[in-house]
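Text of entry04.cif, listed as mmCIF, N, CA, C and O atoms:
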data_coords
loop_
_atom_site.label_atom_id
_atom_site.label_comp_id
_atom_site.auth_asym_id
_atom_site.auth_seq_id
_atom_site.Cartn_x
_atom_site.Cartn_y
_atom_site.Cartn_z
N SER A 1 107.43 109.05 109.49
CA SER A 1 106.24 109.83 109.75
C SER A 1 105.05 108.89 109.89
O SER A 1 104.91 107.94 109.14
N GLU A 2 104.21 109.16 110.83
CA GLU A 2 103.07 108.28 111.10
C GLU A 2 101.80 108.87 110.50
O GLU A 2 101.53 110.06 110.62
N PHE A 3 101.03 108.03 109.83
CA PHE A 3 99.77 108.45 109.22
C PHE A 3 98.62 107.69 109.87
O PHE A 3 98.76 106.54 110.26
N ASP A 4 97.48 108.37 109.94
CA ASP A 4 96.27 107.71 110.42
C ASP A 4 95.65 106.87 109.32
O ASP A 4 95.05 105.83 109.58
N VAL A 5 95.78 107.35 108.07
CA VAL A 5 95.17 106.69 106.92
C VAL A 5 96.17 106.70 105.77
O VAL A 5 96.79 107.73 105.50
N ILE A 6 96.33 105.56 105.10
CA ILE A 6 97.17 105.48 103.90
C ILE A 6 96.29 104.92 102.78
O ILE A 6 95.78 103.81 102.88
N HIS A 7 96.10 105.72 101.73
CA HIS A 7 95.34 105.28 100.56
C HIS A 7 96.31 104.89 99.46
O HIS A 7 97.19 105.68 99.10
N VAL A 8 96.16 103.70 98.92
CA VAL A 8 96.94 103.26 97.76
C VAL A 8 95.99 103.25 96.58
O VAL A 8 94.93 102.63 96.63
N ILE A 9 96.37 103.95 95.50
CA ILE A 9 95.51 104.08 94.33
C ILE A 9 96.35 103.94 93.08
O ILE A 9 97.54 104.27 93.09
N THR A 10 95.75 103.43 92.02
CA THR A 10 96.50 103.21 90.78
C THR A 10 97.13 104.50 90.29
O THR A 10 98.33 104.55 90.01
N THR A 11 96.33 105.57 90.16
CA THR A 11 96.87 106.87 89.72
C THR A 11 96.18 107.98 90.49
O THR A 11 95.13 107.77 91.11
N ILE A 12 96.77 109.18 90.42
CA ILE A 12 96.05 110.38 90.83
C ILE A 12 95.94 111.31 89.62
O ILE A 12 95.98 112.53 89.73
N ASP A 13 95.77 110.71 88.45
CA ASP A 13 95.44 111.45 87.25
C ASP A 13 93.92 111.67 87.25
O ASP A 13 93.19 111.03 87.99
N MET A 14 93.45 112.60 86.43
CA MET A 14 92.04 112.96 86.41
C MET A 14 91.16 111.75 86.10
O MET A 14 91.36 111.07 85.10
N GLY A 15 90.21 111.46 86.99
CA GLY A 15 89.30 110.34 86.79
C GLY A 15 88.30 110.27 87.93
O GLY A 15 88.43 110.97 88.93
N GLY A 16 87.31 109.41 87.78
CA GLY A 16 86.25 109.30 88.76
C GLY A 16 86.69 108.82 90.13
O GLY A 16 86.36 109.41 91.15
N ALA A 17 87.47 107.73 90.16
CA ALA A 17 87.94 107.20 91.45
C ALA A 17 88.86 108.20 92.15
O ALA A 17 88.81 108.35 93.37
N GLU A 18 89.66 108.89 91.36
CA GLU A 18 90.59 109.86 91.92
C GLU A 18 89.85 111.06 92.52
O GLU A 18 90.22 111.55 93.60
N LYS A 19 88.79 111.50 91.84
CA LYS A 19 87.99 112.60 92.38
C LYS A 19 87.28 112.18 93.66
O LYS A 19 87.17 112.97 94.61
N GLN A 20 86.79 110.95 93.69
CA GLN A 20 86.14 110.44 94.91
C GLN A 20 87.14 110.34 96.05
O GLN A 20 86.81 110.65 97.20
N LEU A 21 88.35 109.88 95.75
CA LEU A 21 89.38 109.80 96.79
C LEU A 21 89.70 111.19 97.31
O LEU A 21 89.87 111.38 98.52
N LEU A 22 89.78 112.18 96.43
CA LEU A 22 90.05 113.55 96.86
C LEU A 22 88.96 114.04 97.82
O LEU A 22 89.25 114.64 98.85
N THR A 23 87.71 113.74 97.51
CA THR A 23 86.60 114.12 98.39
C THR A 23 86.73 113.42 99.74
O THR A 23 86.55 114.05 100.79
N LEU A 24 87.07 112.14 99.73
CA LEU A 24 87.25 111.38 100.97
C LEU A 24 88.40 111.95 101.80
O LEU A 24 88.28 112.14 103.01
N VAL A 25 89.51 112.24 101.15
CA VAL A 25 90.69 112.78 101.85
C VAL A 25 90.35 114.13 102.49
O VAL A 25 90.75 114.40 103.63
N LYS A 26 89.60 114.98 101.78
CA LYS A 26 89.19 116.27 102.35
C LYS A 26 88.44 116.06 103.65
O LYS A 26 88.69 116.73 104.66
N GLN A 27 87.49 115.12 103.65
CA GLN A 27 86.70 114.84 104.84
C GLN A 27 87.56 114.28 105.97
O GLN A 27 87.39 114.63 107.14
N GLN A 28 88.47 113.39 105.62
CA GLN A 28 89.36 112.82 106.64
C GLN A 28 90.23 113.90 107.27
O GLN A 28 90.44 113.91 108.48
N GLN A 29 90.73 114.82 106.46
CA GLN A 29 91.54 115.92 106.97
C GLN A 29 90.71 116.81 107.90
O GLN A 29 91.19 117.25 108.94
N LEU A 30 89.46 117.07 107.52
CA LEU A 30 88.58 117.89 108.36
C LEU A 30 88.33 117.23 109.71
O LEU A 30 88.07 117.93 110.70
N HIS A 31 88.41 115.91 109.77
CA HIS A 31 88.23 115.18 111.02
C HIS A 31 89.56 114.95 111.76
O HIS A 31 89.63 114.13 112.67
N GLY A 32 90.59 115.65 111.33
CA GLY A 32 91.86 115.61 112.05
C GLY A 32 92.76 114.43 111.73
O GLY A 32 93.71 114.16 112.48
N LYS A 33 92.48 113.72 110.67
CA LYS A 33 93.31 112.57 110.30
C LYS A 33 94.52 113.03 109.49
O LYS A 33 94.43 113.93 108.67
N LYS A 34 95.65 112.38 109.73
CA LYS A 34 96.85 112.61 108.92
C LYS A 34 96.83 111.57 107.80
O LYS A 34 96.92 110.38 108.06
N VAL A 35 96.70 112.05 106.56
CA VAL A 35 96.41 111.18 105.43
C VAL A 35 97.58 111.16 104.44
O VAL A 35 98.13 112.19 104.09
N ALA A 36 97.91 109.95 103.97
CA ALA A 36 98.89 109.77 102.90
C ALA A 36 98.20 109.11 101.71
O ALA A 36 97.32 108.27 101.88
N VAL A 37 98.61 109.52 100.52
CA VAL A 37 98.12 108.93 99.29
C VAL A 37 99.32 108.38 98.54
O VAL A 37 100.33 109.07 98.37
N VAL A 38 99.22 107.11 98.12
CA VAL A 38 100.32 106.45 97.42
C VAL A 38 99.84 106.04 96.02
O VAL A 38 99.18 105.01 95.87
N PRO A 39 100.16 106.85 94.99
CA PRO A 39 99.82 106.46 93.63
C PRO A 39 100.86 105.48 93.08
O PRO A 39 102.05 105.61 93.38
N LEU A 40 100.40 104.49 92.32
CA LEU A 40 101.33 103.49 91.79
C LEU A 40 101.90 103.86 90.42
O LEU A 40 103.01 103.45 90.08
N LYS A 41 101.14 104.63 89.64
CA LYS A 41 101.63 105.02 88.31
C LYS A 41 100.94 106.31 87.89
O LYS A 41 100.08 106.82 88.59
N GLY A 42 101.35 106.83 86.74
CA GLY A 42 100.68 108.00 86.20
C GLY A 42 101.54 109.25 86.22
O GLY A 42 102.73 109.20 86.48
N LYS A 43 100.87 110.37 85.95
CA LYS A 43 101.55 111.65 85.79
C LYS A 43 101.27 112.64 86.92
O LYS A 43 101.67 113.79 86.84
N LEU A 44 100.57 112.23 87.94
CA LEU A 44 100.31 113.06 89.12
C LEU A 44 99.52 114.32 88.80
O LEU A 44 99.75 115.39 89.36
N GLU A 45 98.54 114.21 87.90
CA GLU A 45 97.75 115.37 87.48
C GLU A 45 97.04 116.06 88.65
O GLU A 45 96.86 117.28 88.63
N LEU A 46 96.65 115.31 89.68
CA LEU A 46 95.92 115.89 90.81
C LEU A 46 96.81 116.10 92.04
O LEU A 46 96.30 116.31 93.15
N LEU A 47 98.11 116.09 91.86
CA LEU A 47 99.05 116.25 92.98
C LEU A 47 98.75 117.50 93.79
O LEU A 47 98.63 117.45 95.02
N GLU A 48 98.64 118.64 93.13
CA GLU A 48 98.38 119.90 93.85
C GLU A 48 97.04 119.87 94.57
O GLU A 48 96.91 120.45 95.66
N ASN A 49 96.05 119.21 93.98
CA ASN A 49 94.74 119.12 94.64
C ASN A 49 94.85 118.36 95.96
O ASN A 49 94.27 118.77 96.96
N PHE A 50 95.58 117.24 95.95
CA PHE A 50 95.73 116.45 97.16
C PHE A 50 96.56 117.19 98.21
O PHE A 50 96.20 117.20 99.39
N THR A 51 97.64 117.81 97.80
CA THR A 51 98.48 118.51 98.78
C THR A 51 97.78 119.75 99.31
O THR A 51 97.98 120.12 100.47
N SER A 52 96.94 120.40 98.50
CA SER A 52 96.25 121.60 98.96
C SER A 52 95.23 121.31 100.06
O SER A 52 94.88 122.20 100.83
N VAL A 53 94.74 120.07 100.12
CA VAL A 53 93.81 119.72 101.20
C VAL A 53 94.54 119.11 102.40
O VAL A 53 93.92 118.67 103.35
N GLY A 54 95.87 119.06 102.33
CA GLY A 54 96.65 118.62 103.47
C GLY A 54 97.16 117.20 103.43
O GLY A 54 97.79 116.73 104.38
N ALA A 55 96.91 116.48 102.34
CA ALA A 55 97.40 115.10 102.24
C ALA A 55 98.88 115.09 101.87
O ALA A 55 99.37 116.00 101.20
N THR A 56 99.56 114.07 102.30
CA THR A 56 100.93 113.81 101.87
C THR A 56 100.88 112.80 100.74
O THR A 56 100.28 111.74 100.90
N VAL A 57 101.45 113.15 99.60
CA VAL A 57 101.49 112.23 98.47
C VAL A 57 102.87 111.60 98.42
O VAL A 57 103.88 112.30 98.26
N LEU A 58 102.93 110.29 98.61
CA LEU A 58 104.20 109.57 98.63
C LEU A 58 104.47 109.01 97.23
O LEU A 58 103.70 108.19 96.74
N THR A 59 105.55 109.45 96.61
CA THR A 59 105.82 109.08 95.22
C THR A 59 107.05 108.19 95.06
O THR A 59 107.51 107.97 93.95
N GLN A 60 107.57 107.67 96.16
CA GLN A 60 108.80 106.88 96.09
C GLN A 60 108.67 105.64 95.20
O GLN A 60 109.66 105.21 94.62
N ILE A 61 107.48 105.07 95.11
CA ILE A 61 107.33 103.85 94.30
C ILE A 61 106.58 104.10 93.00
O ILE A 61 106.24 103.16 92.29
N LEU A 62 106.35 105.35 92.68
CA LEU A 62 105.61 105.72 91.47
C LEU A 62 106.30 105.18 90.22
O LEU A 62 107.51 105.36 90.04
N ASN A 63 105.53 104.52 89.37
CA ASN A 63 106.00 104.01 88.08
C ASN A 63 107.17 103.03 88.19
O ASN A 63 107.96 102.88 87.26
N GLN A 64 107.26 102.33 89.31
CA GLN A 64 108.32 101.34 89.51
C GLN A 64 107.80 99.94 89.11
O GLN A 64 106.61 99.73 88.93
N ASN A 65 108.72 99.01 89.04
CA ASN A 65 108.39 97.60 88.84
C ASN A 65 107.41 97.18 89.95
O ASN A 65 107.60 97.54 91.11
N PRO A 66 106.39 96.39 89.61
CA PRO A 66 105.42 95.98 90.64
C PRO A 66 106.03 95.29 91.86
O PRO A 66 105.53 95.45 92.98
N LEU A 67 107.09 94.54 91.69
CA LEU A 67 107.73 93.90 92.85
C LEU A 67 108.38 94.93 93.75
O LEU A 67 108.35 94.81 94.98
N ILE A 68 108.97 95.96 93.16
CA ILE A 68 109.55 97.05 93.95
C ILE A 68 108.44 97.80 94.67
O ILE A 68 108.58 98.18 95.84
N GLN A 69 107.30 98.00 93.99
CA GLN A 69 106.17 98.66 94.63
C GLN A 69 105.66 97.87 95.81
O GLN A 69 105.39 98.43 96.88
N LEU A 70 105.54 96.57 95.65
CA LEU A 70 105.08 95.72 96.74
C LEU A 70 106.04 95.81 97.92
O LEU A 70 105.62 95.95 99.07
N HIS A 71 107.32 95.75 97.65
CA HIS A 71 108.34 95.88 98.70
C HIS A 71 108.19 97.21 99.41
O HIS A 71 108.23 97.29 100.65
N GLY A 72 108.03 98.29 98.66
CA GLY A 72 107.88 99.61 99.25
C GLY A 72 106.64 99.74 100.10
O GLY A 72 106.67 100.33 101.19
N LEU A 73 105.53 99.17 99.64
CA LEU A 73 104.29 99.23 100.42
C LEU A 73 104.41 98.42 101.71
O LEU A 73 103.95 98.87 102.77
N LEU A 74 105.01 97.25 101.62
CA LEU A 74 105.20 96.44 102.83
C LEU A 74 106.10 97.15 103.84
O LEU A 74 105.83 97.13 105.04
N LEU A 75 107.15 97.79 103.35
CA LEU A 75 108.04 98.54 104.23
C LEU A 75 107.29 99.71 104.89
O LEU A 75 107.42 99.93 106.10
N LEU A 76 106.50 100.43 104.11
CA LEU A 76 105.72 101.53 104.66
C LEU A 76 104.78 101.05 105.76
O LEU A 76 104.70 101.64 106.84
N LEU A 77 104.07 99.96 105.49
CA LEU A 77 103.13 99.44 106.48
C LEU A 77 103.86 98.92 107.72
O LEU A 77 103.40 99.11 108.85
N LEU A 78 104.99 98.28 107.52
CA LEU A 78 105.77 97.78 108.66
C LEU A 78 106.23 98.94 109.54
O LEU A 78 106.15 98.87 110.77
N LEU A 79 106.70 100.01 108.91
CA LEU A 79 107.13 101.18 109.68
C LEU A 79 105.97 101.81 110.44
O LEU A 79 106.13 102.28 111.56
N GLN A 80 104.80 101.81 109.82
CA GLN A 80 103.61 102.35 110.48
C GLN A 80 103.28 101.56 111.74
O GLN A 80 102.76 102.10 112.70
N ILE A 81 103.57 100.28 111.73
CA ILE A 81 103.29 99.43 112.89
C ILE A 81 104.39 99.54 113.93
O ILE A 81 104.13 99.65 115.13
N LEU A 82 105.65 99.54 113.48
CA LEU A 82 106.77 99.50 114.42
C LEU A 82 107.09 100.82 115.10
O LEU A 82 107.44 100.82 116.27
N ILE A 83 106.98 101.93 114.40
CA ILE A 83 107.37 103.21 114.99
C ILE A 83 106.59 103.52 116.26
O ILE A 83 107.18 103.86 117.28
N PRO A 84 105.27 103.38 116.25
CA PRO A 84 104.55 103.64 117.52
C PRO A 84 104.98 102.68 118.64
O PRO A 84 105.04 103.10 119.80
N CYS A 85 105.28 101.44 118.31
CA CYS A 85 105.72 100.48 119.33
C CYS A 85 107.07 100.88 119.91
O CYS A 85 107.28 100.79 121.12
N ILE A 86 107.98 101.31 119.06
CA ILE A 86 109.31 101.72 119.51
C ILE A 86 109.21 102.96 120.39
O ILE A 86 109.89 103.07 121.41
N LEU A 87 108.32 103.89 120.02
CA LEU A 87 108.17 105.12 120.81
C LEU A 87 107.59 104.86 122.18
O LEU A 87 107.79 105.68 123.09
N LEU A 88 106.91 103.75 122.37
CA LEU A 88 106.36 103.41 123.68
C LEU A 88 107.45 103.02 124.67
O LEU A 88 107.26 103.10 125.88
N TYR A 89 108.56 102.53 124.16
CA TYR A 89 109.63 102.07 125.04
C TYR A 89 110.60 103.12 125.22
O TYR A 89 111.40 103.64 125.23
#
How does this structure look as structure tokens?
Amino acid sequence: SEFDVIHVITTIDMGGAEKQLLTLVKQQQLHGKKVAVVPLKGKLELLENFTSVGATVLTQILNQNPLIQLHGLLLLLLLQILIPCILLY
């Protein structure tokens, strides 16, 4: 799946940065952007808030070893670059 914007954040538990990200994601969705949020750890307290505004929350690397998280993020970014190129051919 291709996203216009991918936000990586430490958690989506209740907090100031998380609330600001939610506000940003709402605005991006209103402007027609397909947005993904990738939390690295936590309990996903704001999961429903993010999904209710149309964001996709990717939890595949949630609470994993940091090296596994890095691998997962690099793979996600690589796919974001390669899929559009493959579709052109």
Grab the CA of Leu30 in chain A to atom N of Gly72 in chain A distance for me, in Å with one decimal place.
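CA of Leu30 in chain A sits 29.3 Å away from atom N of Gly72 in chain A.
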Give as a list of chain:residue names the residues that the PyMOL selection byres ((chain A and resi 7-9) around 4.5) matches when applied to the coordinates above.
A:Val5, A:Ile6, A:Thr10, A:Thr11, A:Ala36, A:Val37, A:Val38, A:Pro39, A:Leu40
Would you place a box with edges along x, y and z of the file around all atoms of range 8-13 of chain A listed there, add 5 Å to each of its six sides, and report the centre and edge lengths in Å to one decimal, as JSON?
{"center_x": 95.8, "center_y": 107.6, "center_z": 93.1, "size_x": 15.1, "size_y": 19.9, "size_z": 21.7}
Pick the closest to Gly32 in chain A from A:Leu58, A:Phe3, A:Leu44, A:Lys19: which is it, counting only C-alpha atoms?
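Comparing A:Leu58, A:Phe3, A:Leu44, A:Lys19 against Gly32 in chain A, the winner is A:Phe3.
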From A:Leu62, A:Glu18, A:Ile68, A:Leu75, residue lying nearest Asn49 in chain A [only C-alpha atoms]
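Of the candidates, the smallest distance to Asn49 in chain A is held by A:Glu18.
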DSSP on the backbone, then: every residue of chain A marked helix (DSSP H, G or I), written as a PyMOL selection string.
chain A and resi 16-30+47-52+66-88
So how far away is CA of Ile61 in chain A from atom N of Lys33 in chain A, in Å?
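Separation between atom N of Lys33 in chain A and CA of Ile61 in chain A: 24.2 Å.
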Name the residues in contact with Ile12 in chain A at a cut-off of 5 Å, using all atoms listed in the file, excluding same-chain residues fewer than 5 positions from it; report them as a short mmCIF file (atom, residue, chain, number, x, y, z; two decimals) with N, CA, C and O atoms, in the coordinates of the input.
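Produced file part36.cif, reproduced below:
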data_model
loop_
_atom_site.label_atom_id
_atom_site.label_comp_id
_atom_site.auth_asym_id
_atom_site.auth_seq_id
_atom_site.Cartn_x
_atom_site.Cartn_y
_atom_site.Cartn_z
N LYS A 41 101.14 104.63 89.64
CA LYS A 41 101.63 105.02 88.31
C LYS A 41 100.94 106.31 87.89
O LYS A 41 100.08 106.82 88.59
N LEU A 44 100.57 112.23 87.94
CA LEU A 44 100.31 113.06 89.12
C LEU A 44 99.52 114.32 88.80
O LEU A 44 99.75 115.39 89.36
N GLU A 45 98.54 114.21 87.90
CA GLU A 45 97.75 115.37 87.48
C GLU A 45 97.04 116.06 88.65
O GLU A 45 96.86 117.28 88.63
N LEU A 46 96.65 115.31 89.68
CA LEU A 46 95.92 115.89 90.81
C LEU A 46 96.81 116.10 92.04
O LEU A 46 96.30 116.31 93.15
N LEU A 47 98.11 116.09 91.86
CA LEU A 47 99.05 116.25 92.98
C LEU A 47 98.75 117.50 93.79
O LEU A 47 98.63 117.45 95.02
#
